[in-house]
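> So here's structure-v1.txt, just compact mmCIF, N, CA, C and O atoms:
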# COMPACT_ATOMS: atom_id res chain seq x y z
N MET A 1 12.40 41.89 27.82
CA MET A 1 13.38 40.83 27.78
C MET A 1 12.81 39.64 28.56
O MET A 1 12.18 39.80 29.59
N LYS A 2 13.06 38.46 28.05
CA LYS A 2 12.64 37.25 28.73
C LYS A 2 13.89 36.51 29.20
O LYS A 2 14.89 36.46 28.49
N VAL A 3 13.80 35.97 30.42
CA VAL A 3 14.92 35.24 31.01
C VAL A 3 14.38 33.93 31.56
O VAL A 3 13.35 33.91 32.23
N LEU A 4 15.05 32.84 31.27
CA LEU A 4 14.67 31.54 31.80
C LEU A 4 15.67 31.17 32.88
O LEU A 4 16.87 31.14 32.64
N LEU A 5 15.18 30.92 34.10
CA LEU A 5 16.04 30.56 35.22
C LEU A 5 15.76 29.12 35.63
O LEU A 5 14.61 28.69 35.65
N GLU A 6 16.79 28.41 35.97
CA GLU A 6 16.63 27.06 36.51
C GLU A 6 17.05 27.12 37.97
O GLU A 6 18.20 27.42 38.29
N ILE A 7 16.10 26.84 38.87
CA ILE A 7 16.31 27.02 40.31
C ILE A 7 15.95 25.72 41.02
O ILE A 7 14.94 25.10 40.70
N PRO A 8 16.75 25.31 42.01
CA PRO A 8 16.38 24.11 42.79
C PRO A 8 15.01 24.32 43.45
O PRO A 8 14.69 25.43 43.88
N ASP A 9 14.22 23.27 43.50
CA ASP A 9 12.86 23.36 44.05
C ASP A 9 12.84 23.95 45.45
O ASP A 9 11.95 24.73 45.78
N ASN A 10 13.82 23.61 46.28
CA ASN A 10 13.80 24.08 47.67
C ASN A 10 14.14 25.56 47.79
O ASN A 10 13.97 26.16 48.85
N LYS A 11 14.61 26.20 46.72
CA LYS A 11 14.95 27.63 46.75
C LYS A 11 13.97 28.46 45.93
O LYS A 11 13.96 29.68 46.03
N ALA A 12 13.17 27.82 45.10
CA ALA A 12 12.32 28.53 44.15
C ALA A 12 11.28 29.42 44.82
O ALA A 12 11.04 30.54 44.36
N SER A 13 10.68 28.96 45.88
CA SER A 13 9.60 29.72 46.52
C SER A 13 10.07 31.09 46.99
O SER A 13 9.41 32.10 46.74
N SER A 14 11.21 31.14 47.65
CA SER A 14 11.69 32.42 48.17
C SER A 14 12.08 33.36 47.03
O SER A 14 11.80 34.57 47.09
N LEU A 15 12.68 32.84 45.97
CA LEU A 15 13.03 33.70 44.84
C LEU A 15 11.78 34.20 44.14
O LEU A 15 11.71 35.36 43.73
N MET A 16 10.78 33.34 43.99
CA MET A 16 9.53 33.77 43.37
C MET A 16 8.85 34.87 44.18
O MET A 16 8.29 35.80 43.62
N ASP A 17 8.93 34.78 45.50
CA ASP A 17 8.37 35.83 46.36
C ASP A 17 9.05 37.17 46.07
O ASP A 17 8.39 38.20 45.97
N VAL A 18 10.37 37.15 45.95
CA VAL A 18 11.12 38.38 45.66
C VAL A 18 10.73 38.92 44.29
O VAL A 18 10.44 40.11 44.13
N LEU A 19 10.73 38.05 43.28
CA LEU A 19 10.40 38.50 41.93
C LEU A 19 8.98 39.04 41.84
O LEU A 19 8.72 40.04 41.17
N ASN A 20 8.04 38.39 42.51
CA ASN A 20 6.65 38.84 42.48
C ASN A 20 6.44 40.16 43.22
O ASN A 20 5.47 40.86 42.97
N SER A 21 7.35 40.50 44.11
CA SER A 21 7.21 41.77 44.84
C SER A 21 7.68 42.97 44.01
O SER A 21 7.43 44.10 44.37
N ILE A 22 8.33 42.72 42.90
CA ILE A 22 8.79 43.80 42.01
C ILE A 22 7.68 44.07 41.00
O ILE A 22 7.31 43.21 40.22
N PRO A 23 7.13 45.29 41.00
CA PRO A 23 5.94 45.58 40.18
C PRO A 23 6.15 45.44 38.67
O PRO A 23 5.22 45.13 37.95
N TYR A 24 7.33 45.64 38.17
CA TYR A 24 7.55 45.58 36.73
C TYR A 24 8.02 44.21 36.24
O TYR A 24 8.31 44.04 35.06
N VAL A 25 8.06 43.23 37.12
CA VAL A 25 8.48 41.88 36.75
C VAL A 25 7.24 40.99 36.70
O VAL A 25 6.44 40.95 37.63
N LYS A 26 7.09 40.29 35.58
CA LYS A 26 6.01 39.31 35.44
C LYS A 26 6.64 37.93 35.50
O LYS A 26 7.67 37.68 34.87
N THR A 27 6.05 37.02 36.25
CA THR A 27 6.59 35.66 36.37
C THR A 27 5.56 34.67 35.83
O THR A 27 4.35 34.90 35.91
N LYS A 28 6.07 33.59 35.29
CA LYS A 28 5.22 32.51 34.81
C LYS A 28 5.96 31.21 35.04
O LYS A 28 7.10 31.05 34.61
N LYS A 29 5.33 30.30 35.76
CA LYS A 29 5.94 29.01 36.03
C LYS A 29 5.78 28.12 34.80
O LYS A 29 4.69 27.98 34.25
N ILE A 30 6.88 27.55 34.35
CA ILE A 30 6.86 26.64 33.20
C ILE A 30 6.88 25.22 33.75
O ILE A 30 7.76 24.85 34.51
N ILE A 31 5.89 24.45 33.35
CA ILE A 31 5.78 23.09 33.84
C ILE A 31 6.23 22.14 32.74
O ILE A 31 5.74 22.19 31.62
N GLU A 32 7.15 21.27 33.07
CA GLU A 32 7.62 20.26 32.13
C GLU A 32 6.45 19.31 31.83
O GLU A 32 5.64 19.02 32.71
N PRO A 33 6.34 18.82 30.60
CA PRO A 33 5.23 17.92 30.26
C PRO A 33 5.14 16.70 31.19
O PRO A 33 4.05 16.30 31.58
N LYS A 34 6.28 16.15 31.57
CA LYS A 34 6.28 14.99 32.46
C LYS A 34 5.73 15.37 33.83
O LYS A 34 4.94 14.62 34.43
N GLU A 35 6.11 16.54 34.33
CA GLU A 35 5.62 17.00 35.63
C GLU A 35 4.13 17.31 35.57
O GLU A 35 3.39 17.06 36.52
N GLN A 36 3.68 17.87 34.43
CA GLN A 36 2.26 18.16 34.28
C GLN A 36 1.44 16.87 34.27
O GLN A 36 0.38 16.81 34.89
N LEU A 37 1.95 15.85 33.59
CA LEU A 37 1.26 14.56 33.57
C LEU A 37 1.16 13.98 34.97
O LEU A 37 0.11 13.49 35.39
N LYS A 38 2.25 14.07 35.74
CA LYS A 38 2.23 13.58 37.13
C LYS A 38 1.17 14.32 37.94
O LYS A 38 0.43 13.70 38.72
N ALA A 39 1.10 15.64 37.77
CA ALA A 39 0.13 16.44 38.52
C ALA A 39 -1.30 16.06 38.14
O ALA A 39 -2.18 15.96 39.01
N GLU A 40 -1.54 15.82 36.85
CA GLU A 40 -2.88 15.46 36.40
C GLU A 40 -3.28 14.08 36.91
O GLU A 40 -4.42 13.86 37.29
N ILE A 41 -2.34 13.15 36.92
CA ILE A 41 -2.64 11.80 37.44
C ILE A 41 -2.92 11.87 38.93
O ILE A 41 -3.86 11.25 39.43
N LYS A 42 -2.13 12.66 39.66
CA LYS A 42 -2.34 12.82 41.10
C LYS A 42 -3.73 13.40 41.37
O LYS A 42 -4.45 12.94 42.25
N GLU A 43 -4.12 14.40 40.59
CA GLU A 43 -5.44 15.02 40.75
C GLU A 43 -6.55 14.00 40.47
O GLU A 43 -7.55 13.95 41.19
N ALA A 44 -6.37 13.17 39.43
CA ALA A 44 -7.37 12.16 39.09
C ALA A 44 -7.52 11.13 40.20
O ALA A 44 -8.63 10.73 40.54
N VAL A 45 -6.40 10.71 40.78
CA VAL A 45 -6.44 9.74 41.88
C VAL A 45 -7.14 10.34 43.10
O VAL A 45 -7.96 9.68 43.75
N GLU A 46 -6.85 11.60 43.40
CA GLU A 46 -7.51 12.26 44.53
C GLU A 46 -9.01 12.35 44.30
O GLU A 46 -9.81 12.12 45.21
N GLU A 47 -9.42 12.68 43.05
CA GLU A 47 -10.84 12.74 42.72
C GLU A 47 -11.50 11.38 42.88
O GLU A 47 -12.60 11.26 43.42
N LEU A 48 -10.82 10.35 42.39
CA LEU A 48 -11.35 8.99 42.49
C LEU A 48 -11.54 8.59 43.95
O LEU A 48 -12.56 7.99 44.32
N ASN A 49 -10.58 8.92 44.79
CA ASN A 49 -10.70 8.61 46.22
C ASN A 49 -11.88 9.35 46.85
O ASN A 49 -12.59 8.77 47.68
N LEU A 50 -12.11 10.61 46.46
CA LEU A 50 -13.26 11.35 46.98
C LEU A 50 -14.57 10.72 46.52
O LEU A 50 -15.54 10.66 47.29
N ILE A 51 -14.60 10.23 45.29
CA ILE A 51 -15.81 9.56 44.78
C ILE A 51 -16.06 8.29 45.57
O ILE A 51 -17.19 8.00 45.99
N LYS A 52 -15.01 7.50 45.82
CA LYS A 52 -15.14 6.27 46.59
C LYS A 52 -15.62 6.53 48.01
O LYS A 52 -16.35 5.73 48.58
N GLN A 53 -15.20 7.66 48.59
CA GLN A 53 -15.60 8.02 49.95
C GLN A 53 -16.99 8.63 49.99
O GLN A 53 -17.53 8.89 51.06
N GLY A 54 -17.58 8.89 48.83
CA GLY A 54 -18.91 9.48 48.77
C GLY A 54 -18.91 10.98 48.96
O GLY A 54 -19.96 11.59 49.12
N LYS A 55 -17.77 11.61 48.93
CA LYS A 55 -17.66 13.06 49.11
C LYS A 55 -17.80 13.82 47.79
O LYS A 55 -17.93 15.04 47.78
N LEU A 56 -17.76 13.09 46.68
CA LEU A 56 -17.87 13.69 45.36
C LEU A 56 -18.69 12.75 44.50
O LEU A 56 -18.56 11.53 44.60
N LYS A 57 -19.57 13.33 43.66
CA LYS A 57 -20.42 12.49 42.82
C LYS A 57 -19.71 12.23 41.50
O LYS A 57 -19.25 13.14 40.84
N GLY A 58 -19.63 10.97 41.12
CA GLY A 58 -19.01 10.59 39.86
C GLY A 58 -20.00 10.67 38.71
O GLY A 58 -21.22 10.78 38.92
N ASN A 59 -19.50 10.64 37.50
CA ASN A 59 -20.35 10.65 36.32
C ASN A 59 -20.51 9.23 35.80
O ASN A 59 -19.58 8.44 35.81
N ASP A 60 -21.70 8.93 35.32
CA ASP A 60 -21.99 7.64 34.75
C ASP A 60 -21.30 7.52 33.38
O ASP A 60 -21.44 8.39 32.53
N ALA A 61 -20.54 6.45 33.17
CA ALA A 61 -19.79 6.27 31.93
C ALA A 61 -20.72 6.19 30.72
O ALA A 61 -20.43 6.75 29.66
N GLU A 62 -21.86 5.51 30.86
CA GLU A 62 -22.79 5.38 29.74
C GLU A 62 -23.36 6.74 29.35
O GLU A 62 -23.44 7.08 28.17
N ALA A 63 -23.71 7.55 30.33
CA ALA A 63 -24.23 8.90 30.06
C ALA A 63 -23.16 9.76 29.39
O ALA A 63 -23.45 10.53 28.48
N PHE A 64 -21.93 9.61 29.84
CA PHE A 64 -20.83 10.34 29.24
C PHE A 64 -20.65 9.98 27.77
O PHE A 64 -20.54 10.84 26.90
N LEU A 65 -20.65 8.67 27.48
CA LEU A 65 -20.47 8.21 26.12
C LEU A 65 -21.64 8.60 25.22
O LEU A 65 -21.46 8.93 24.04
N ASN A 66 -22.85 8.60 25.76
CA ASN A 66 -24.02 9.04 24.99
C ASN A 66 -23.96 10.53 24.67
O ASN A 66 -24.51 10.97 23.66
N GLY A 67 -23.28 11.28 25.52
CA GLY A 67 -23.15 12.72 25.29
C GLY A 67 -22.15 13.06 24.20
O GLY A 67 -22.11 14.18 23.71
N LEU A 68 -21.35 12.09 23.82
CA LEU A 68 -20.37 12.34 22.75
C LEU A 68 -21.03 12.22 21.44
O LEU A 68 -21.23 12.53 20.53
What's the structure tokens form of this structure?

Amino acid sequence: MKVLLEIPDNKASSLMDVLNSIPYVKTKKIIEPKEQLKAEIKEAVEELNLIKQGKLKGNDAEAFLNGL
């Protein structure tokens, strides 16, 4: 049986801990497309900041385009 629960963000962590402690229960977090886009943009900005700080090596745009 599959059940979809809607839980406030501030309560979700503790409920997920309980559900994950039950061996016969499988959990999967469903991410809304809008939330996933926000997470991907946040990750891209963090990567860009690391590249600007010299902590991460960026890829050359021309080399990338030639690889296509």
> Could you work out how far CA of Lys26 (chain A) lies from CA of Ala39 (chain A), giving the answer in Å with one decimal?
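Value for the CA of Ala39 (chain A)-CA of Lys26 (chain A) distance: 23.8 Å.
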> So how many Å separate CA of Ala44 (chain A) and CA of Gly58 (chain A), to one decimal?
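Interatomic distance here is 11.8 Å.
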> Tell me, in Å to one decimal, how far CA of Met1 (chain A) is from CA of Ile30 (chain A).
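Going from CA of Met1 (chain A) over to CA of Ile30 (chain A) covers 16.5 Å.
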> With 8 Å added on each side, what axis-aligned box encloses every listed atom of region 7-22 of chain A? Give the centre and edge lengths in Å to one decimal, as AutoDock Vina command-line options.

--center_x 11.1 --center_y 33.7 --center_z 43.9 --size_x 27.3 --size_y 36.8 --size_z 26.0
> Identify all residues of region 19-50 of chain A in alpha helix (DSSP H) (DSSP on the backbone) and supply them as a list in words.
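Answer for region 19-50 of chain A, restricted to alpha helix (DSSP H): Leu19, Asn20, Pro33, Lys34, Glu35, Gln36, Leu37, Lys38, Ala39, Glu40, Ile41, Lys42, Glu43, Ala44, Val45, Glu46, Glu47, Leu48, Asn49 and Leu50 of chain A.
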> Those selected residues, please, written with N, CA, C and O atoms and delivered as a JSON list (two decimals), keeping the file's coordinate frame.

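What landed in again-v7.json:
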[["chain", "number", "residue", "atom", "x", "y", "z"],
["A", 19, "LEU", "N", 10.73, 38.05, 43.28],
["A", 19, "LEU", "CA", 10.40, 38.50, 41.93],
["A", 19, "LEU", "C", 8.98, 39.04, 41.84],
["A", 19, "LEU", "O", 8.72, 40.04, 41.17],
["A", 20, "ASN", "N", 8.04, 38.39, 42.51],
["A", 20, "ASN", "CA", 6.65, 38.84, 42.48],
["A", 20, "ASN", "C", 6.44, 40.16, 43.22],
["A", 20, "ASN", "O", 5.47, 40.86, 42.97],
["A", 33, "PRO", "N", 6.34, 18.82, 30.60],
["A", 33, "PRO", "CA", 5.23, 17.92, 30.26],
["A", 33, "PRO", "C", 5.14, 16.70, 31.19],
["A", 33, "PRO", "O", 4.05, 16.30, 31.58],
["A", 34, "LYS", "N", 6.28, 16.15, 31.57],
["A", 34, "LYS", "CA", 6.28, 14.99, 32.46],
["A", 34, "LYS", "C", 5.73, 15.37, 33.83],
["A", 34, "LYS", "O", 4.94, 14.62, 34.43],
["A", 35, "GLU", "N", 6.11, 16.54, 34.33],
["A", 35, "GLU", "CA", 5.62, 17.00, 35.63],
["A", 35, "GLU", "C", 4.13, 17.31, 35.57],
["A", 35, "GLU", "O", 3.39, 17.06, 36.52],
["A", 36, "GLN", "N", 3.68, 17.87, 34.43],
["A", 36, "GLN", "CA", 2.26, 18.16, 34.28],
["A", 36, "GLN", "C", 1.44, 16.87, 34.27],
["A", 36, "GLN", "O", 0.38, 16.81, 34.89],
["A", 37, "LEU", "N", 1.95, 15.85, 33.59],
["A", 37, "LEU", "CA", 1.26, 14.56, 33.57],
["A", 37, "LEU", "C", 1.16, 13.98, 34.97],
["A", 37, "LEU", "O", 0.11, 13.49, 35.39],
["A", 38, "LYS", "N", 2.25, 14.07, 35.74],
["A", 38, "LYS", "CA", 2.23, 13.58, 37.13],
["A", 38, "LYS", "C", 1.17, 14.32, 37.94],
["A", 38, "LYS", "O", 0.43, 13.70, 38.72],
["A", 39, "ALA", "N", 1.10, 15.64, 37.77],
["A", 39, "ALA", "CA", 0.13, 16.44, 38.52],
["A", 39, "ALA", "C", -1.30, 16.06, 38.14],
["A", 39, "ALA", "O", -2.18, 15.96, 39.01],
["A", 40, "GLU", "N", -1.54, 15.82, 36.85],
["A", 40, "GLU", "CA", -2.88, 15.46, 36.40],
["A", 40, "GLU", "C", -3.28, 14.08, 36.91],
["A", 40, "GLU", "O", -4.42, 13.86, 37.29],
["A", 41, "ILE", "N", -2.34, 13.15, 36.92],
["A", 41, "ILE", "CA", -2.64, 11.80, 37.44],
["A", 41, "ILE", "C", -2.92, 11.87, 38.93],
["A", 41, "ILE", "O", -3.86, 11.25, 39.43],
["A", 42, "LYS", "N", -2.13, 12.66, 39.66],
["A", 42, "LYS", "CA", -2.34, 12.82, 41.10],
["A", 42, "LYS", "C", -3.73, 13.40, 41.37],
["A", 42, "LYS", "O", -4.45, 12.94, 42.25],
["A", 43, "GLU", "N", -4.12, 14.40, 40.59],
["A", 43, "GLU", "CA", -5.44, 15.02, 40.75],
["A", 43, "GLU", "C", -6.55, 14.00, 40.47],
["A", 43, "GLU", "O", -7.55, 13.95, 41.19],
["A", 44, "ALA", "N", -6.37, 13.17, 39.43],
["A", 44, "ALA", "CA", -7.37, 12.16, 39.09],
["A", 44, "ALA", "C", -7.52, 11.13, 40.20],
["A", 44, "ALA", "O", -8.63, 10.73, 40.54],
["A", 45, "VAL", "N", -6.40, 10.71, 40.78],
["A", 45, "VAL", "CA", -6.44, 9.74, 41.88],
["A", 45, "VAL", "C", -7.14, 10.34, 43.10],
["A", 45, "VAL", "O", -7.96, 9.68, 43.75],
["A", 46, "GLU", "N", -6.85, 11.60, 43.40],
["A", 46, "GLU", "CA", -7.51, 12.26, 44.53],
["A", 46, "GLU", "C", -9.01, 12.35, 44.30],
["A", 46, "GLU", "O", -9.81, 12.12, 45.21],
["A", 47, "GLU", "N", -9.42, 12.68, 43.05],
["A", 47, "GLU", "CA", -10.84, 12.74, 42.72],
["A", 47, "GLU", "C", -11.50, 11.38, 42.88],
["A", 47, "GLU", "O", -12.60, 11.26, 43.42],
["A", 48, "LEU", "N", -10.82, 10.35, 42.39],
["A", 48, "LEU", "CA", -11.35, 8.99, 42.49],
["A", 48, "LEU", "C", -11.54, 8.59, 43.95],
["A", 48, "LEU", "O", -12.56, 7.99, 44.32],
["A", 49, "ASN", "N", -10.58, 8.92, 44.79],
["A", 49, "ASN", "CA", -10.70, 8.61, 46.22],
["A", 49, "ASN", "C", -11.88, 9.35, 46.85],
["A", 49, "ASN", "O", -12.59, 8.77, 47.68],
["A", 50, "LEU", "N", -12.11, 10.61, 46.46],
["A", 50, "LEU", "CA", -13.26, 11.35, 46.98],
["A", 50, "LEU", "C", -14.57, 10.72, 46.52],
["A", 50, "LEU", "O", -15.54, 10.66, 47.29]]
> With a distance cut-off of 12 Å and only C-alpha atoms, select the neighbouring residues of Leu4 (chain A), excluding the residue or stretch itself and same-chain residues fewer than 2 positions from it, and output the selection as a ChimeraX atom specification.
/A:1-2,6-7,27-30
> Missing atoms in region 36-47 of chain A need filling: write out all heavy atoms for it as a PDB file, keeping the file's coordinate frame.

ATOM      1  N   GLN A  36       3.680  17.870  34.430  1.00  0.00           N
ATOM      2  CA  GLN A  36       2.260  18.160  34.280  1.00  0.00           C
ATOM      3  C   GLN A  36       1.440  16.870  34.270  1.00  0.00           C
ATOM      4  O   GLN A  36       0.380  16.810  34.890  1.00  0.00           O
ATOM      5  CB  GLN A  36       2.015  18.948  32.989  1.00  0.00           C
ATOM      6  CG  GLN A  36       0.572  19.368  32.824  1.00  0.00           C
ATOM      7  CD  GLN A  36       0.363  20.283  31.645  1.00  0.00           C
ATOM      8  OE1 GLN A  36       1.306  20.674  30.972  1.00  0.00           O
ATOM      9  NE2 GLN A  36      -0.871  20.622  31.386  1.00  0.00           N
ATOM     10  N   LEU A  37       1.950  15.850  33.590  1.00  0.00           N
ATOM     11  CA  LEU A  37       1.260  14.560  33.570  1.00  0.00           C
ATOM     12  C   LEU A  37       1.160  13.980  34.970  1.00  0.00           C
ATOM     13  O   LEU A  37       0.110  13.490  35.390  1.00  0.00           O
ATOM     14  CB  LEU A  37       1.981  13.584  32.636  1.00  0.00           C
ATOM     15  CG  LEU A  37       1.381  12.183  32.553  1.00  0.00           C
ATOM     16  CD1 LEU A  37      -0.043  12.236  32.022  1.00  0.00           C
ATOM     17  CD2 LEU A  37       2.244  11.300  31.676  1.00  0.00           C
ATOM     18  N   LYS A  38       2.250  14.070  35.740  1.00  0.00           N
ATOM     19  CA  LYS A  38       2.230  13.580  37.130  1.00  0.00           C
ATOM     20  C   LYS A  38       1.170  14.320  37.940  1.00  0.00           C
ATOM     21  O   LYS A  38       0.430  13.700  38.720  1.00  0.00           O
ATOM     22  CB  LYS A  38       3.597  13.778  37.780  1.00  0.00           C
ATOM     23  CG  LYS A  38       4.646  12.805  37.365  1.00  0.00           C
ATOM     24  CD  LYS A  38       5.939  13.106  38.130  1.00  0.00           C
ATOM     25  CE  LYS A  38       7.105  12.294  37.683  1.00  0.00           C
ATOM     26  NZ  LYS A  38       8.340  12.635  38.414  1.00  0.00           N
ATOM     27  N   ALA A  39       1.100  15.640  37.770  1.00  0.00           N
ATOM     28  CA  ALA A  39       0.130  16.440  38.520  1.00  0.00           C
ATOM     29  C   ALA A  39      -1.300  16.060  38.140  1.00  0.00           C
ATOM     30  O   ALA A  39      -2.180  15.960  39.010  1.00  0.00           O
ATOM     31  CB  ALA A  39       0.369  17.919  38.279  1.00  0.00           C
ATOM     32  N   GLU A  40      -1.540  15.820  36.850  1.00  0.00           N
ATOM     33  CA  GLU A  40      -2.880  15.460  36.400  1.00  0.00           C
ATOM     34  C   GLU A  40      -3.280  14.080  36.910  1.00  0.00           C
ATOM     35  O   GLU A  40      -4.420  13.860  37.290  1.00  0.00           O
ATOM     36  CB  GLU A  40      -2.952  15.523  34.874  1.00  0.00           C
ATOM     37  CG  GLU A  40      -2.902  16.940  34.346  1.00  0.00           C
ATOM     38  CD  GLU A  40      -2.806  17.008  32.829  1.00  0.00           C
ATOM     39  OE1 GLU A  40      -2.762  15.945  32.165  1.00  0.00           O
ATOM     40  OE2 GLU A  40      -2.769  18.129  32.306  1.00  0.00           O
ATOM     41  N   ILE A  41      -2.340  13.150  36.920  1.00  0.00           N
ATOM     42  CA  ILE A  41      -2.640  11.800  37.440  1.00  0.00           C
ATOM     43  C   ILE A  41      -2.920  11.870  38.930  1.00  0.00           C
ATOM     44  O   ILE A  41      -3.860  11.250  39.430  1.00  0.00           O
ATOM     45  CB  ILE A  41      -1.480  10.826  37.131  1.00  0.00           C
ATOM     46  CG1 ILE A  41      -1.411  10.549  35.633  1.00  0.00           C
ATOM     47  CG2 ILE A  41      -1.632   9.534  37.923  1.00  0.00           C
ATOM     48  CD1 ILE A  41      -0.193   9.764  35.192  1.00  0.00           C
ATOM     49  N   LYS A  42      -2.130  12.660  39.660  1.00  0.00           N
ATOM     50  CA  LYS A  42      -2.340  12.820  41.100  1.00  0.00           C
ATOM     51  C   LYS A  42      -3.730  13.400  41.370  1.00  0.00           C
ATOM     52  O   LYS A  42      -4.450  12.940  42.250  1.00  0.00           O
ATOM     53  CB  LYS A  42      -1.263  13.728  41.690  1.00  0.00           C
ATOM     54  CG  LYS A  42      -1.385  13.919  43.175  1.00  0.00           C
ATOM     55  CD  LYS A  42      -0.291  14.802  43.718  1.00  0.00           C
ATOM     56  CE  LYS A  42      -0.474  15.026  45.208  1.00  0.00           C
ATOM     57  NZ  LYS A  42       0.518  15.922  45.762  1.00  0.00           N
ATOM     58  N   GLU A  43      -4.120  14.400  40.590  1.00  0.00           N
ATOM     59  CA  GLU A  43      -5.440  15.020  40.750  1.00  0.00           C
ATOM     60  C   GLU A  43      -6.550  14.000  40.470  1.00  0.00           C
ATOM     61  O   GLU A  43      -7.550  13.950  41.190  1.00  0.00           O
ATOM     62  CB  GLU A  43      -5.569  16.214  39.805  1.00  0.00           C
ATOM     63  CG  GLU A  43      -6.878  16.947  39.932  1.00  0.00           C
ATOM     64  CD  GLU A  43      -6.994  18.116  38.974  1.00  0.00           C
ATOM     65  OE1 GLU A  43      -5.964  18.573  38.444  1.00  0.00           O
ATOM     66  OE2 GLU A  43      -8.136  18.579  38.771  1.00  0.00           O
ATOM     67  N   ALA A  44      -6.370  13.170  39.430  1.00  0.00           N
ATOM     68  CA  ALA A  44      -7.370  12.160  39.090  1.00  0.00           C
ATOM     69  C   ALA A  44      -7.520  11.130  40.200  1.00  0.00           C
ATOM     70  O   ALA A  44      -8.630  10.730  40.540  1.00  0.00           O
ATOM     71  CB  ALA A  44      -6.990  11.482  37.774  1.00  0.00           C
ATOM     72  N   VAL A  45      -6.400  10.710  40.780  1.00  0.00           N
ATOM     73  CA  VAL A  45      -6.440   9.740  41.880  1.00  0.00           C
ATOM     74  C   VAL A  45      -7.140  10.340  43.100  1.00  0.00           C
ATOM     75  O   VAL A  45      -7.960   9.680  43.750  1.00  0.00           O
ATOM     76  CB  VAL A  45      -5.017   9.243  42.233  1.00  0.00           C
ATOM     77  CG1 VAL A  45      -5.004   8.458  43.529  1.00  0.00           C
ATOM     78  CG2 VAL A  45      -4.442   8.415  41.102  1.00  0.00           C
ATOM     79  N   GLU A  46      -6.850  11.600  43.400  1.00  0.00           N
ATOM     80  CA  GLU A  46      -7.510  12.260  44.530  1.00  0.00           C
ATOM     81  C   GLU A  46      -9.010  12.350  44.300  1.00  0.00           C
ATOM     82  O   GLU A  46      -9.810  12.120  45.210  1.00  0.00           O
ATOM     83  CB  GLU A  46      -6.908  13.641  44.750  1.00  0.00           C
ATOM     84  CG  GLU A  46      -5.494  13.599  45.305  1.00  0.00           C
ATOM     85  CD  GLU A  46      -4.799  14.960  45.332  1.00  0.00           C
ATOM     86  OE1 GLU A  46      -5.378  15.956  44.839  1.00  0.00           O
ATOM     87  OE2 GLU A  46      -3.672  15.021  45.839  1.00  0.00           O
ATOM     88  N   GLU A  47      -9.420  12.680  43.050  1.00  0.00           N
ATOM     89  CA  GLU A  47     -10.840  12.740  42.720  1.00  0.00           C
ATOM     90  C   GLU A  47     -11.500  11.380  42.880  1.00  0.00           C
ATOM     91  O   GLU A  47     -12.600  11.260  43.420  1.00  0.00           O
ATOM     92  CB  GLU A  47     -11.020  13.211  41.272  1.00  0.00           C
ATOM     93  CG  GLU A  47     -11.504  14.632  41.162  1.00  0.00           C
ATOM     94  CD  GLU A  47     -11.775  15.011  39.711  1.00  0.00           C
ATOM     95  OE1 GLU A  47     -12.638  14.383  39.061  1.00  0.00           O
ATOM     96  OE2 GLU A  47     -11.122  15.953  39.252  1.00  0.00           O
TER      97      GLU A  47
END
